[in-house]
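Below is one structure, written out as structure tokens; comments come after it.
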Amino acid sequence: MRWSTRRPWLFLVLTLVASVPFYLLNRLDLSVPFGLPPSVVMIVVPFLVAGGLILADDGPAGVRRWLASAFDVRRIRRTRWLVVSLAIVPALLLVAYAVDRVRGVAAGGSPVHPGVALLVVAVFWVGAIFEELGWTAYATHPLQQRYGVIPAGLIIGVVWAGWHVVPYPAQGHDVGWIVLQCAITVVTRVLMGLLFRLTDETSFPAIGFHALLNATPELLPGGYAAFDLRVYAVLVLVATVVIGLVSLRPGVRQQRVR
């Protein structure tokens, strides 16, 4: 992967600008699966913007390398961090769900059939590929090199959160929910940036993380109503701090720079 030609700030600006026409789709009375707004098709924008920039800067060969990075699992040397990347969001959401069950406020619902669950994960995995080939495969490394892991996560996280702000009201969310969700989104991107470094700067773990971030709430009994967003926010923050501290341990840092 050639990082020297990356233009992450241009990518972020173009992604926001190119997404504006898609927001207008929310004015249409269209039915979209999983209760998503019509503007959900804007998930192709990070993919198209990053692909266009790579084609302009590195040519077709660069595009082929970039596309292949969606399946770069073989480059991961520390597989335990791959497991963490894929398991952490479902684990946190299950804990948040369990907390509400103990409190007696969790929404009811029937378990999802395993076949349906696999289909849901597959659908969201495809969507995650479109997004993370932009946010992770294109922008994360150069921003981390320039500013550090946490500042890079905050930069992408703020843009990522802002990118979602317009669709949220179309889903019926109030201002309080949107503010909290945006804060979670920023912290989540910091967490993803930490895991990106810990998984040898590969894209596959971020794609899996993102896919399960979107799919897991759909698979819980009661869906998004099955857990308290405030509880989940605390859990994400704690997980980010813990993994951040672990990544600073001398042994982990040495392995990373080999």
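Identifiers in this document derive from the order of the structure tokens: chains are assigned A, B, ..., residues are numbered from 1 separately in each chain, and ligands are numbered from 1 in order of occurrence.
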Selection near A:Phe47, 9 Å with only C-alpha atoms, sequence-local residues under 6 positions removed, as a list in words: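 Returned residues: Ile129, Phe130, Glu131, Glu132, Leu133, Gly134 and Trp135 of chain A.
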Write the residues of the preceding selection, restricted to C-alpha atoms, as a PDB file, in the first residue's frame.
ATOM      1  CA  ILE A 129     -16.524  -2.631   2.854  1.00  0.00           C
ATOM      2  CA  PHE A 130     -17.789   0.420   0.979  1.00  0.00           C
ATOM      3  CA  GLU A 131     -17.239   2.664   3.985  1.00  0.00           C
ATOM      4  CA  GLU A 132     -14.020   1.294   5.431  1.00  0.00           C
ATOM      5  CA  LEU A 133     -12.147   1.208   2.141  1.00  0.00           C
ATOM      6  CA  GLY A 134     -12.463   4.962   2.548  1.00  0.00           C
ATOM      7  CA  TRP A 135     -12.305   5.746   6.276  1.00  0.00           C
TER       8      TRP A 135
END
Polymer residues at most 12 Å from A:Val123, only C-alpha atoms, same-chain spacing of 3 or more positions, as a list in words: Pro33, Phe34, Val116, Ala117, Leu118, Leu119, Val120, Val126, Gly127, Ala128, Ile129, Phe130, Gly208, His210, Ala211, Leu212, Asn214, Ala215 and Glu218 of chain A
Stretch 69-82 of chain A surroundings by only C-alpha atoms, 10 Å radius, close-in-sequence under 4 positions cut, as a PyMOL selection string: chain A and resi 1+63-65+86-87+128-130+132-133+136-137+195-209+255-256
Near-A:Ala152 list (10 Å; only C-alpha atoms; drop same-chain fewer than 3 positions) as a PyMOL selection string: chain A and resi 139-149+155-158+189-190+193
One-decimal distance in Å that lies between atom CA of A:Thr216 and atom CA of A:Val175: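 Value for the atom CA of A:Val175-atom CA of A:Thr216 distance: 23.6 Å.
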